[in-house]
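So this one's start_30.cif, mmCIF, N, CA and C atoms:
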```
data_upload
loop_
_atom_site.label_atom_id
_atom_site.label_comp_id
_atom_site.auth_asym_id
_atom_site.auth_seq_id
_atom_site.Cartn_x
_atom_site.Cartn_y
_atom_site.Cartn_z
N MET J 39 -12.70 -32.74 -72.20
CA MET J 39 -12.34 -31.95 -71.04
C MET J 39 -11.42 -32.79 -70.16
N PRO J 40 -10.29 -32.25 -69.79
CA PRO J 40 -9.37 -33.00 -68.92
C PRO J 40 -10.02 -33.30 -67.56
N VAL J 41 -9.53 -34.36 -66.94
CA VAL J 41 -10.08 -34.83 -65.67
C VAL J 41 -10.01 -33.75 -64.59
N SER J 42 -8.92 -33.01 -64.50
CA SER J 42 -8.78 -32.01 -63.45
C SER J 42 -9.79 -30.88 -63.62
N LYS J 43 -10.09 -30.46 -64.85
CA LYS J 43 -11.08 -29.42 -65.08
C LYS J 43 -12.49 -29.94 -64.76
N ARG J 44 -12.76 -31.16 -65.14
CA ARG J 44 -14.06 -31.77 -64.86
C ARG J 44 -14.25 -31.89 -63.34
N PHE J 45 -13.22 -32.33 -62.65
CA PHE J 45 -13.28 -32.46 -61.20
C PHE J 45 -13.52 -31.09 -60.56
N LEU J 46 -12.81 -30.07 -61.03
CA LEU J 46 -12.97 -28.72 -60.50
C LEU J 46 -14.39 -28.20 -60.77
N LEU J 47 -14.92 -28.47 -61.93
CA LEU J 47 -16.28 -28.05 -62.27
C LEU J 47 -17.30 -28.73 -61.35
N ILE J 48 -17.12 -30.01 -61.11
CA ILE J 48 -18.04 -30.75 -60.23
C ILE J 48 -17.96 -30.22 -58.80
N ILE J 49 -16.77 -30.01 -58.31
CA ILE J 49 -16.58 -29.48 -56.95
C ILE J 49 -17.20 -28.09 -56.83
N THR J 50 -16.99 -27.24 -57.83
CA THR J 50 -17.55 -25.89 -57.81
C THR J 50 -19.08 -25.95 -57.81
N ALA J 51 -19.65 -26.82 -58.64
CA ALA J 51 -21.10 -26.96 -58.70
C ALA J 51 -21.65 -27.45 -57.36
N LEU J 52 -21.01 -28.43 -56.76
CA LEU J 52 -21.46 -28.94 -55.47
C LEU J 52 -21.36 -27.87 -54.38
N PHE J 53 -20.28 -27.10 -54.41
CA PHE J 53 -20.10 -26.03 -53.44
C PHE J 53 -21.20 -24.98 -53.60
N PHE J 54 -21.49 -24.61 -54.86
CA PHE J 54 -22.53 -23.63 -55.12
C PHE J 54 -23.89 -24.13 -54.65
N LEU J 55 -24.22 -25.37 -54.97
CA LEU J 55 -25.51 -25.94 -54.58
C LEU J 55 -25.66 -26.02 -53.07
N SER J 56 -24.60 -26.41 -52.39
CA SER J 56 -24.69 -26.48 -50.93
C SER J 56 -24.81 -25.08 -50.34
N GLY J 57 -24.18 -24.11 -50.96
CA GLY J 57 -24.28 -22.73 -50.50
C GLY J 57 -25.68 -22.18 -50.64
N CYS J 58 -26.39 -22.56 -51.70
CA CYS J 58 -27.77 -22.11 -51.90
C CYS J 58 -28.67 -22.59 -50.79
N GLN J 59 -28.40 -23.76 -50.29
CA GLN J 59 -29.23 -24.30 -49.23
C GLN J 59 -28.88 -23.70 -47.88
N ASN J 60 -27.76 -23.05 -47.77
CA ASN J 60 -27.31 -22.53 -46.47
C ASN J 60 -27.41 -21.02 -46.38
N GLY J 61 -28.34 -20.40 -47.11
CA GLY J 61 -28.56 -18.98 -46.91
C GLY J 61 -28.07 -18.06 -47.99
N VAL J 62 -27.43 -18.57 -49.03
CA VAL J 62 -26.96 -17.69 -50.11
C VAL J 62 -28.16 -17.00 -50.75
N LEU J 63 -29.24 -17.75 -50.99
CA LEU J 63 -30.43 -17.15 -51.59
C LEU J 63 -31.03 -16.09 -50.67
N GLU J 64 -30.94 -16.30 -49.39
CA GLU J 64 -31.44 -15.31 -48.43
C GLU J 64 -30.68 -14.00 -48.59
N ASN J 65 -29.36 -14.09 -48.78
CA ASN J 65 -28.54 -12.89 -48.98
C ASN J 65 -28.88 -12.21 -50.30
N VAL J 66 -29.19 -12.99 -51.32
CA VAL J 66 -29.57 -12.42 -52.61
C VAL J 66 -30.89 -11.66 -52.46
N ARG J 67 -31.84 -12.23 -51.72
CA ARG J 67 -33.13 -11.57 -51.50
C ARG J 67 -32.97 -10.22 -50.82
N LYS J 68 -32.00 -10.11 -49.95
CA LYS J 68 -31.80 -8.85 -49.22
C LYS J 68 -31.47 -7.70 -50.17
N VAL J 69 -30.83 -8.00 -51.28
CA VAL J 69 -30.48 -6.93 -52.22
C VAL J 69 -31.41 -6.87 -53.42
N THR J 70 -32.24 -7.88 -53.65
CA THR J 70 -33.14 -7.86 -54.80
C THR J 70 -34.55 -7.41 -54.46
N TYR J 71 -34.95 -7.49 -53.19
CA TYR J 71 -36.26 -7.03 -52.78
C TYR J 71 -36.12 -5.67 -52.10
N PRO J 72 -37.15 -4.83 -52.19
CA PRO J 72 -37.08 -3.53 -51.51
C PRO J 72 -37.06 -3.72 -49.99
N PRO J 73 -36.54 -2.73 -49.26
CA PRO J 73 -36.42 -2.86 -47.81
C PRO J 73 -37.77 -3.01 -47.10
N ASP J 74 -38.85 -2.53 -47.72
CA ASP J 74 -40.16 -2.64 -47.09
C ASP J 74 -40.92 -3.89 -47.54
N PHE J 75 -40.18 -4.91 -47.95
CA PHE J 75 -40.79 -6.17 -48.38
C PHE J 75 -40.31 -7.28 -47.46
N ASN J 76 -41.26 -8.07 -46.98
CA ASN J 76 -40.96 -9.16 -46.06
C ASN J 76 -41.09 -10.48 -46.81
N TYR J 77 -39.99 -11.07 -47.21
CA TYR J 77 -40.03 -12.36 -47.89
C TYR J 77 -40.19 -13.44 -46.83
N ILE J 78 -41.25 -14.24 -46.98
CA ILE J 78 -41.51 -15.33 -46.05
C ILE J 78 -41.32 -16.63 -46.82
N SER J 79 -40.30 -17.38 -46.46
CA SER J 79 -40.04 -18.65 -47.14
C SER J 79 -41.15 -19.64 -46.85
N GLN J 80 -41.31 -20.60 -47.73
CA GLN J 80 -42.35 -21.62 -47.53
C GLN J 80 -42.11 -22.39 -46.24
N GLN J 81 -40.85 -22.66 -45.92
CA GLN J 81 -40.53 -23.39 -44.69
C GLN J 81 -40.90 -22.58 -43.46
N LYS J 82 -40.57 -21.28 -43.47
CA LYS J 82 -40.91 -20.41 -42.34
C LYS J 82 -42.43 -20.31 -42.19
N LEU J 83 -43.13 -20.19 -43.31
CA LEU J 83 -44.59 -20.10 -43.26
C LEU J 83 -45.19 -21.38 -42.69
N THR J 84 -44.72 -22.52 -43.18
CA THR J 84 -45.22 -23.81 -42.69
C THR J 84 -44.94 -23.97 -41.21
N ASP J 85 -43.71 -23.69 -40.79
CA ASP J 85 -43.35 -23.82 -39.38
C ASP J 85 -44.19 -22.90 -38.50
N THR J 86 -44.38 -21.66 -38.94
CA THR J 86 -45.16 -20.70 -38.17
C THR J 86 -46.61 -21.13 -38.05
N MET J 87 -47.19 -21.57 -39.15
CA MET J 87 -48.59 -22.01 -39.13
C MET J 87 -48.78 -23.26 -38.26
N GLN J 88 -47.81 -24.16 -38.31
CA GLN J 88 -47.90 -25.35 -37.46
C GLN J 88 -47.79 -24.97 -35.99
N THR J 89 -46.97 -23.98 -35.68
CA THR J 89 -46.86 -23.52 -34.29
C THR J 89 -48.16 -22.86 -33.85
N PHE J 90 -48.76 -22.04 -34.72
CA PHE J 90 -50.06 -21.46 -34.39
C PHE J 90 -51.09 -22.55 -34.12
N ALA J 91 -51.09 -23.59 -34.95
CA ALA J 91 -52.04 -24.70 -34.77
C ALA J 91 -51.80 -25.38 -33.41
N TRP J 92 -50.54 -25.58 -33.07
CA TRP J 92 -50.20 -26.21 -31.77
C TRP J 92 -50.68 -25.33 -30.61
N TYR J 93 -50.41 -24.03 -30.69
CA TYR J 93 -50.85 -23.11 -29.64
C TYR J 93 -52.37 -23.09 -29.52
N THR J 94 -53.06 -23.12 -30.66
CA THR J 94 -54.52 -23.13 -30.65
C THR J 94 -55.04 -24.39 -29.97
N THR J 95 -54.41 -25.51 -30.23
CA THR J 95 -54.79 -26.77 -29.57
C THR J 95 -54.57 -26.69 -28.07
N LEU J 96 -53.42 -26.11 -27.66
CA LEU J 96 -53.15 -25.95 -26.23
C LEU J 96 -54.19 -25.05 -25.56
N LEU J 97 -54.54 -23.96 -26.24
CA LEU J 97 -55.57 -23.06 -25.69
C LEU J 97 -56.89 -23.80 -25.53
N ASP J 98 -57.25 -24.56 -26.55
CA ASP J 98 -58.51 -25.31 -26.49
C ASP J 98 -58.49 -26.30 -25.33
N ASN J 99 -57.37 -26.97 -25.14
CA ASN J 99 -57.26 -27.93 -24.04
C ASN J 99 -57.33 -27.24 -22.67
N ASN J 100 -56.70 -26.08 -22.56
CA ASN J 100 -56.70 -25.34 -21.28
C ASN J 100 -58.06 -24.77 -20.94
N LEU J 101 -58.79 -24.35 -21.97
CA LEU J 101 -60.02 -23.59 -21.72
C LEU J 101 -61.28 -24.30 -22.21
N ARG J 102 -61.19 -25.58 -22.36
CA ARG J 102 -62.31 -26.36 -22.92
C ARG J 102 -63.60 -26.15 -22.12
N ASN J 103 -63.50 -26.21 -20.81
CA ASN J 103 -64.67 -26.02 -19.97
C ASN J 103 -64.44 -24.78 -19.13
N THR J 104 -64.98 -23.65 -19.56
CA THR J 104 -64.69 -22.38 -18.89
C THR J 104 -65.25 -22.30 -17.49
N GLU J 105 -66.17 -23.17 -17.14
CA GLU J 105 -66.71 -23.15 -15.78
C GLU J 105 -65.72 -23.70 -14.75
N SER J 106 -64.75 -24.51 -15.21
CA SER J 106 -63.82 -25.12 -14.26
C SER J 106 -62.35 -24.80 -14.57
N VAL J 107 -62.09 -23.67 -15.22
CA VAL J 107 -60.72 -23.28 -15.53
C VAL J 107 -60.01 -22.87 -14.25
N THR J 108 -58.86 -23.49 -14.01
CA THR J 108 -58.08 -23.14 -12.82
C THR J 108 -57.25 -21.89 -13.10
N ARG J 109 -56.74 -21.32 -12.05
CA ARG J 109 -55.87 -20.13 -12.18
C ARG J 109 -54.66 -20.48 -13.04
N GLU J 110 -54.08 -21.67 -12.82
CA GLU J 110 -52.91 -22.11 -13.57
C GLU J 110 -53.22 -22.26 -15.06
N GLN J 111 -54.41 -22.80 -15.37
CA GLN J 111 -54.79 -22.94 -16.77
C GLN J 111 -54.97 -21.57 -17.43
N ARG J 112 -55.57 -20.64 -16.71
CA ARG J 112 -55.77 -19.30 -17.26
C ARG J 112 -54.43 -18.61 -17.48
N LEU J 113 -53.51 -18.72 -16.52
CA LEU J 113 -52.18 -18.12 -16.67
C LEU J 113 -51.41 -18.78 -17.81
N SER J 114 -51.56 -20.07 -17.97
CA SER J 114 -50.93 -20.78 -19.08
C SER J 114 -51.48 -20.28 -20.41
N ALA J 115 -52.79 -20.07 -20.47
CA ALA J 115 -53.41 -19.57 -21.69
C ALA J 115 -52.92 -18.16 -22.02
N ILE J 116 -52.76 -17.33 -21.00
CA ILE J 116 -52.22 -15.98 -21.22
C ILE J 116 -50.80 -16.06 -21.78
N GLU J 117 -50.00 -16.95 -21.23
CA GLU J 117 -48.63 -17.14 -21.71
C GLU J 117 -48.62 -17.62 -23.17
N ILE J 118 -49.51 -18.52 -23.51
CA ILE J 118 -49.61 -19.01 -24.89
C ILE J 118 -49.98 -17.86 -25.82
N LEU J 119 -50.91 -17.03 -25.41
CA LEU J 119 -51.32 -15.89 -26.24
C LEU J 119 -50.16 -14.91 -26.43
N GLU J 120 -49.35 -14.72 -25.40
CA GLU J 120 -48.17 -13.86 -25.53
C GLU J 120 -47.20 -14.44 -26.56
N LYS J 121 -47.03 -15.77 -26.54
CA LYS J 121 -46.16 -16.42 -27.52
C LYS J 121 -46.73 -16.29 -28.93
N MET J 122 -48.05 -16.39 -29.05
CA MET J 122 -48.68 -16.25 -30.35
C MET J 122 -48.50 -14.82 -30.89
N GLU J 123 -48.60 -13.85 -30.02
CA GLU J 123 -48.40 -12.46 -30.43
C GLU J 123 -46.97 -12.27 -30.94
N THR J 124 -46.00 -12.78 -30.21
CA THR J 124 -44.60 -12.69 -30.63
C THR J 124 -44.40 -13.40 -31.96
N LEU J 125 -44.98 -14.57 -32.10
CA LEU J 125 -44.86 -15.35 -33.33
C LEU J 125 -45.47 -14.58 -34.51
N SER J 126 -46.57 -13.91 -34.28
CA SER J 126 -47.22 -13.17 -35.36
C SER J 126 -46.33 -12.04 -35.88
N MET J 127 -45.46 -11.53 -35.04
CA MET J 127 -44.55 -10.46 -35.47
C MET J 127 -43.58 -10.95 -36.55
N GLN J 128 -43.29 -12.23 -36.57
CA GLN J 128 -42.39 -12.79 -37.58
C GLN J 128 -43.00 -12.73 -38.97
N LEU J 129 -44.33 -12.60 -39.04
CA LEU J 129 -45.00 -12.55 -40.33
C LEU J 129 -45.17 -11.14 -40.84
N GLY J 130 -44.76 -10.15 -40.04
CA GLY J 130 -44.78 -8.77 -40.50
C GLY J 130 -46.02 -8.01 -40.06
N THR J 131 -46.30 -6.94 -40.83
CA THR J 131 -47.45 -6.08 -40.57
C THR J 131 -48.12 -5.76 -41.89
N GLU J 132 -49.31 -5.16 -41.83
CA GLU J 132 -50.02 -4.80 -43.06
C GLU J 132 -49.25 -3.77 -43.87
N THR J 133 -48.45 -2.93 -43.20
CA THR J 133 -47.70 -1.91 -43.92
C THR J 133 -46.43 -2.48 -44.55
N LEU J 134 -46.11 -3.70 -44.26
CA LEU J 134 -44.92 -4.36 -44.80
C LEU J 134 -45.39 -5.45 -45.75
N SER J 135 -45.32 -5.19 -47.05
CA SER J 135 -45.81 -6.17 -48.01
C SER J 135 -44.94 -7.42 -47.98
N SER J 136 -45.53 -8.53 -48.41
CA SER J 136 -44.80 -9.79 -48.43
C SER J 136 -45.22 -10.59 -49.65
N ASN J 137 -44.63 -11.74 -49.80
CA ASN J 137 -44.97 -12.63 -50.91
C ASN J 137 -46.23 -13.44 -50.61
N HIS J 138 -46.89 -13.17 -49.49
CA HIS J 138 -48.14 -13.84 -49.13
C HIS J 138 -49.18 -12.76 -48.82
N ASP J 139 -49.95 -12.39 -49.84
CA ASP J 139 -50.90 -11.28 -49.70
C ASP J 139 -51.92 -11.48 -48.60
N ILE J 140 -52.44 -12.69 -48.46
CA ILE J 140 -53.45 -12.93 -47.43
C ILE J 140 -52.89 -12.63 -46.05
N ILE J 141 -51.64 -12.99 -45.82
CA ILE J 141 -51.00 -12.70 -44.54
C ILE J 141 -50.77 -11.20 -44.41
N SER J 142 -50.24 -10.59 -45.45
CA SER J 142 -49.97 -9.15 -45.40
C SER J 142 -51.21 -8.34 -45.07
N PHE J 143 -52.35 -8.72 -45.66
CA PHE J 143 -53.57 -7.95 -45.48
C PHE J 143 -54.30 -8.25 -44.17
N ASN J 144 -53.96 -9.34 -43.52
CA ASN J 144 -54.72 -9.76 -42.34
C ASN J 144 -53.93 -9.89 -41.05
N ILE J 145 -52.62 -9.79 -41.11
CA ILE J 145 -51.80 -10.09 -39.94
C ILE J 145 -52.06 -9.13 -38.77
N ASP J 146 -52.27 -7.85 -39.07
CA ASP J 146 -52.50 -6.89 -37.98
C ASP J 146 -53.81 -7.18 -37.25
N ALA J 147 -54.86 -7.52 -38.00
CA ALA J 147 -56.15 -7.85 -37.38
C ALA J 147 -56.03 -9.12 -36.55
N PHE J 148 -55.30 -10.11 -37.08
CA PHE J 148 -55.10 -11.35 -36.33
C PHE J 148 -54.33 -11.08 -35.04
N ARG J 149 -53.26 -10.29 -35.15
CA ARG J 149 -52.47 -9.96 -33.96
C ARG J 149 -53.33 -9.21 -32.93
N GLN J 150 -54.16 -8.29 -33.40
CA GLN J 150 -55.02 -7.54 -32.48
C GLN J 150 -56.02 -8.47 -31.79
N SER J 151 -56.50 -9.48 -32.51
CA SER J 151 -57.43 -10.44 -31.88
C SER J 151 -56.72 -11.25 -30.80
N ILE J 152 -55.44 -11.55 -31.01
CA ILE J 152 -54.65 -12.25 -29.99
C ILE J 152 -54.51 -11.36 -28.75
N ILE J 153 -54.19 -10.09 -28.97
CA ILE J 153 -54.03 -9.13 -27.88
C ILE J 153 -55.34 -8.98 -27.11
N ASP J 154 -56.44 -8.84 -27.86
CA ASP J 154 -57.75 -8.69 -27.21
C ASP J 154 -58.11 -9.93 -26.39
N ALA J 155 -57.79 -11.11 -26.93
CA ALA J 155 -58.08 -12.35 -26.20
C ALA J 155 -57.26 -12.42 -24.91
N ARG J 156 -55.99 -12.03 -25.00
CA ARG J 156 -55.13 -12.02 -23.81
C ARG J 156 -55.68 -11.05 -22.77
N LYS J 157 -56.05 -9.85 -23.20
CA LYS J 157 -56.60 -8.86 -22.26
C LYS J 157 -57.90 -9.35 -21.64
N GLY J 158 -58.69 -10.07 -22.43
CA GLY J 158 -59.92 -10.65 -21.90
C GLY J 158 -59.66 -11.64 -20.79
N LEU J 159 -58.61 -12.44 -20.94
CA LEU J 159 -58.27 -13.42 -19.90
C LEU J 159 -57.68 -12.76 -18.67
N GLN J 160 -57.10 -11.58 -18.85
CA GLN J 160 -56.48 -10.88 -17.72
C GLN J 160 -57.50 -10.09 -16.89
N LYS J 161 -58.73 -9.97 -17.39
CA LYS J 161 -59.76 -9.25 -16.66
C LYS J 161 -60.28 -10.08 -15.49
N SER J 162 -60.96 -9.39 -14.59
CA SER J 162 -61.60 -10.09 -13.48
C SER J 162 -63.08 -9.71 -13.49
N PRO J 163 -63.96 -10.62 -13.77
CA PRO J 163 -63.75 -12.01 -14.16
C PRO J 163 -63.23 -12.10 -15.60
N PRO J 164 -62.56 -13.20 -15.91
CA PRO J 164 -62.00 -13.37 -17.25
C PRO J 164 -63.08 -13.50 -18.32
N ASN J 165 -62.77 -13.00 -19.50
CA ASN J 165 -63.64 -13.14 -20.66
C ASN J 165 -63.01 -14.18 -21.58
N TYR J 166 -63.65 -15.33 -21.74
CA TYR J 166 -63.09 -16.42 -22.54
C TYR J 166 -63.55 -16.38 -24.00
N TYR J 167 -64.53 -15.57 -24.29
CA TYR J 167 -65.12 -15.56 -25.62
C TYR J 167 -64.09 -15.27 -26.72
N LEU J 168 -63.27 -14.25 -26.53
CA LEU J 168 -62.35 -13.83 -27.59
C LEU J 168 -61.29 -14.88 -27.89
N VAL J 169 -60.91 -15.66 -26.89
CA VAL J 169 -59.97 -16.76 -27.14
C VAL J 169 -60.61 -17.77 -28.08
N GLY J 170 -61.89 -18.02 -27.88
CA GLY J 170 -62.61 -18.97 -28.72
C GLY J 170 -62.73 -18.54 -30.17
N THR J 171 -62.63 -17.25 -30.43
CA THR J 171 -62.76 -16.77 -31.81
C THR J 171 -61.47 -16.86 -32.61
N LEU J 172 -60.35 -17.10 -31.93
CA LEU J 172 -59.06 -17.13 -32.64
C LEU J 172 -59.00 -18.19 -33.73
N SER J 173 -59.53 -19.36 -33.46
CA SER J 173 -59.48 -20.42 -34.47
C SER J 173 -60.28 -20.04 -35.71
N GLY J 174 -61.24 -19.13 -35.55
CA GLY J 174 -62.00 -18.64 -36.70
C GLY J 174 -61.11 -17.92 -37.70
N TYR J 175 -60.08 -17.23 -37.22
CA TYR J 175 -59.14 -16.58 -38.13
C TYR J 175 -58.40 -17.61 -38.96
N CYS J 176 -58.02 -18.70 -38.34
CA CYS J 176 -57.32 -19.76 -39.08
C CYS J 176 -58.23 -20.33 -40.16
N ILE J 177 -59.44 -20.66 -39.77
CA ILE J 177 -60.39 -21.24 -40.71
C ILE J 177 -60.68 -20.28 -41.85
N ASN J 178 -60.86 -19.00 -41.54
CA ASN J 178 -61.17 -18.00 -42.54
C ASN J 178 -60.06 -17.89 -43.59
N CYS J 179 -58.82 -17.74 -43.15
CA CYS J 179 -57.70 -17.61 -44.10
C CYS J 179 -57.50 -18.88 -44.90
N HIS J 180 -57.58 -20.02 -44.25
CA HIS J 180 -57.33 -21.27 -44.96
C HIS J 180 -58.46 -21.62 -45.91
N SER J 181 -59.67 -21.16 -45.64
CA SER J 181 -60.76 -21.39 -46.58
C SER J 181 -60.62 -20.51 -47.81
N LEU J 182 -59.98 -19.33 -47.67
CA LEU J 182 -59.74 -18.44 -48.81
C LEU J 182 -58.76 -19.06 -49.80
N ARG J 183 -57.85 -19.88 -49.33
CA ARG J 183 -56.84 -20.48 -50.18
C ARG J 183 -57.42 -21.56 -51.08
N GLN J 184 -58.54 -22.12 -50.72
CA GLN J 184 -59.09 -23.25 -51.49
C GLN J 184 -60.09 -22.82 -52.51
#
```
Turn this file's structure into structure tokens for me.
Amino acid sequence: MPVSKRFLLIITALFFLSGCQNGVLENVRKVTYPPDFNYISQQKLTDTMQTFAWYTTLLDNNLRNTESVTREQRLSAIEILEKMETLSMQLGTETLSSNHDIISFNIDAFRQSIIDARKGLQKSPPNYYLVGTLSGYCINCHSLRQ
């Protein structure tokens, strides 16, 4: 093979490989999966789960001792729950199948528990119990994987 053809082949291969990492596969998925399918990449799943873990830690730190929770801590916890609800939307709904069955089958219930926990904190007096149950959802799903 002449040098110029070999060089062109190498450049084309490198261009193709770099394109795959920059969203080409995402565009392929858009036409190969049905419109009612939510493909969740491993990176997106990992990032989302790590964010949920971080939010859960923040909630635990804010509400560790419910007898001495300040107004600011309660408002911060409500804000965290709102962020968790928004984040959960990125994982879809039960009516939208995905490549992660456990998420597809449980995301609506998890989201509803977040909403219920937020509403509990917004009551007067606040109900802290439902916030404490959120980490149980994490433990339940992650124990199913093992």
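Residues matched by the PyMOL selection byres (((chain J and resi 88-91 and name CA) around 9) and name CA) in this file are Leu83, Thr84, Asp85, Thr86, Met87, Trp92, Tyr93, Thr94, Thr95, Leu96, Met122, Leu125, Ser126, Ser173 and Cys176 of chain J.
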Generate the output file for the selected residues, N, CA and C atoms, as a PDB file, in the coordinates of the input.
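This is the output file part-v3.pdb:
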```pdb
ATOM      1  N   LEU J  83     -43.130 -20.190 -43.310  1.00  0.00           N
ATOM      2  CA  LEU J  83     -44.590 -20.100 -43.260  1.00  0.00           C
ATOM      3  C   LEU J  83     -45.190 -21.380 -42.690  1.00  0.00           C
ATOM      4  N   THR J  84     -44.720 -22.520 -43.180  1.00  0.00           N
ATOM      5  CA  THR J  84     -45.220 -23.810 -42.690  1.00  0.00           C
ATOM      6  C   THR J  84     -44.940 -23.970 -41.210  1.00  0.00           C
ATOM      7  N   ASP J  85     -43.710 -23.690 -40.790  1.00  0.00           N
ATOM      8  CA  ASP J  85     -43.350 -23.820 -39.380  1.00  0.00           C
ATOM      9  C   ASP J  85     -44.190 -22.900 -38.500  1.00  0.00           C
ATOM     10  N   THR J  86     -44.380 -21.660 -38.940  1.00  0.00           N
ATOM     11  CA  THR J  86     -45.160 -20.700 -38.170  1.00  0.00           C
ATOM     12  C   THR J  86     -46.610 -21.130 -38.050  1.00  0.00           C
ATOM     13  N   MET J  87     -47.190 -21.570 -39.150  1.00  0.00           N
ATOM     14  CA  MET J  87     -48.590 -22.010 -39.130  1.00  0.00           C
ATOM     15  C   MET J  87     -48.780 -23.260 -38.260  1.00  0.00           C
ATOM     16  N   TRP J  92     -50.540 -25.580 -33.070  1.00  0.00           N
ATOM     17  CA  TRP J  92     -50.200 -26.210 -31.770  1.00  0.00           C
ATOM     18  C   TRP J  92     -50.680 -25.330 -30.610  1.00  0.00           C
ATOM     19  N   TYR J  93     -50.410 -24.030 -30.690  1.00  0.00           N
ATOM     20  CA  TYR J  93     -50.850 -23.110 -29.640  1.00  0.00           C
ATOM     21  C   TYR J  93     -52.370 -23.090 -29.520  1.00  0.00           C
ATOM     22  N   THR J  94     -53.060 -23.120 -30.660  1.00  0.00           N
ATOM     23  CA  THR J  94     -54.520 -23.130 -30.650  1.00  0.00           C
ATOM     24  C   THR J  94     -55.040 -24.390 -29.970  1.00  0.00           C
ATOM     25  N   THR J  95     -54.410 -25.510 -30.230  1.00  0.00           N
ATOM     26  CA  THR J  95     -54.790 -26.770 -29.570  1.00  0.00           C
ATOM     27  C   THR J  95     -54.570 -26.690 -28.070  1.00  0.00           C
ATOM     28  N   LEU J  96     -53.420 -26.110 -27.660  1.00  0.00           N
ATOM     29  CA  LEU J  96     -53.150 -25.950 -26.230  1.00  0.00           C
ATOM     30  C   LEU J  96     -54.190 -25.050 -25.560  1.00  0.00           C
ATOM     31  N   MET J 122     -48.050 -16.390 -29.050  1.00  0.00           N
ATOM     32  CA  MET J 122     -48.680 -16.250 -30.350  1.00  0.00           C
ATOM     33  C   MET J 122     -48.500 -14.820 -30.890  1.00  0.00           C
ATOM     34  N   LEU J 125     -44.980 -14.570 -32.100  1.00  0.00           N
ATOM     35  CA  LEU J 125     -44.860 -15.350 -33.330  1.00  0.00           C
ATOM     36  C   LEU J 125     -45.470 -14.580 -34.510  1.00  0.00           C
ATOM     37  N   SER J 126     -46.570 -13.910 -34.280  1.00  0.00           N
ATOM     38  CA  SER J 126     -47.220 -13.170 -35.360  1.00  0.00           C
ATOM     39  C   SER J 126     -46.330 -12.040 -35.880  1.00  0.00           C
ATOM     40  N   SER J 173     -59.530 -19.360 -33.460  1.00  0.00           N
ATOM     41  CA  SER J 173     -59.480 -20.420 -34.470  1.00  0.00           C
ATOM     42  C   SER J 173     -60.280 -20.040 -35.710  1.00  0.00           C
ATOM     43  N   CYS J 176     -58.020 -18.700 -38.340  1.00  0.00           N
ATOM     44  CA  CYS J 176     -57.320 -19.760 -39.080  1.00  0.00           C
ATOM     45  C   CYS J 176     -58.230 -20.330 -40.160  1.00  0.00           C
TER      46      CYS J 176
END
```
Might you spell out which residues the PyMOL selection byres (((chain J and resi 117 and name CA) around 12) and name CA) would select in the displayed file, as a PyMOL selection string? chain J and resi 93+96-97+100+110-116+118-124+152-153+155-157+159-160
Could you check which of J:Ser181, J:Ser162, J:Ser151, J:Tyr167 is closest to Arg102 (chain J), using only C-alpha atoms? J:Tyr167
Counting only C-alpha atoms, the residue among J:Asn165, J:Thr104, J:Asn99, J:Ser79 that lies closest to Gln128 (chain J) is J:Ser79
Using DSSP on the backbone, list every residue of region 74-141 of chain J that comes out as strand (DSSP E), and give them as a PyMOL selection string. chain J and resi 75-76+135-136
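Using only C-alpha atoms for every distance, the candidate list J:Asp154, J:Gly130, J:Arg149, J:His180 yields J:Asp154 as the residue closest to Leu168 (chain J).
Atom C of Leu129 (chain J) is found 9.0 Å from atom C of Ile78 (chain J).
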Which is closest to Ile145 (chain J) among J:Met127, J:Val107, J:Lys43, J:Pro164, if we use all atoms listed in the file? J:Met127
Around region 95-103 of chain J, fit a box with edges along x, y and z, padding it by 5 Å on each side, then list its centre and edge lengths in Å to one decimal as AutoDock Vina command-line options.
```
--center_x -58.9 --center_y -25.5 --center_z -24.7 --size_x 21.5 --size_y 14.9 --size_z 21.1
```
Can you rebuild region 115-121 of chain J with N, CA, C and O atoms and give it as a compact mmCIF listing (two decimals), keeping the file's coordinate frame?
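Listed below is the output, part.txt:
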```txt
# COMPACT_ATOMS: atom_id res chain seq x y z
N ALA J 115 -52.79 -20.07 -20.47
CA ALA J 115 -53.41 -19.57 -21.69
C ALA J 115 -52.92 -18.16 -22.02
O ALA J 115 -52.65 -17.84 -23.19
N ILE J 116 -52.76 -17.33 -21.00
CA ILE J 116 -52.22 -15.98 -21.22
C ILE J 116 -50.80 -16.06 -21.78
O ILE J 116 -50.44 -15.34 -22.71
N GLU J 117 -50.00 -16.95 -21.23
CA GLU J 117 -48.63 -17.14 -21.71
C GLU J 117 -48.62 -17.62 -23.17
O GLU J 117 -47.81 -17.17 -23.98
N ILE J 118 -49.51 -18.52 -23.51
CA ILE J 118 -49.61 -19.01 -24.89
C ILE J 118 -49.98 -17.86 -25.82
O ILE J 118 -49.40 -17.72 -26.91
N LEU J 119 -50.91 -17.03 -25.41
CA LEU J 119 -51.32 -15.89 -26.24
C LEU J 119 -50.16 -14.91 -26.43
O LEU J 119 -50.00 -14.33 -27.51
N GLU J 120 -49.35 -14.72 -25.40
CA GLU J 120 -48.17 -13.86 -25.53
C GLU J 120 -47.20 -14.44 -26.56
O GLU J 120 -46.61 -13.72 -27.37
N LYS J 121 -47.03 -15.77 -26.54
CA LYS J 121 -46.16 -16.42 -27.52
C LYS J 121 -46.73 -16.29 -28.93
O LYS J 121 -45.99 -16.09 -29.89
```
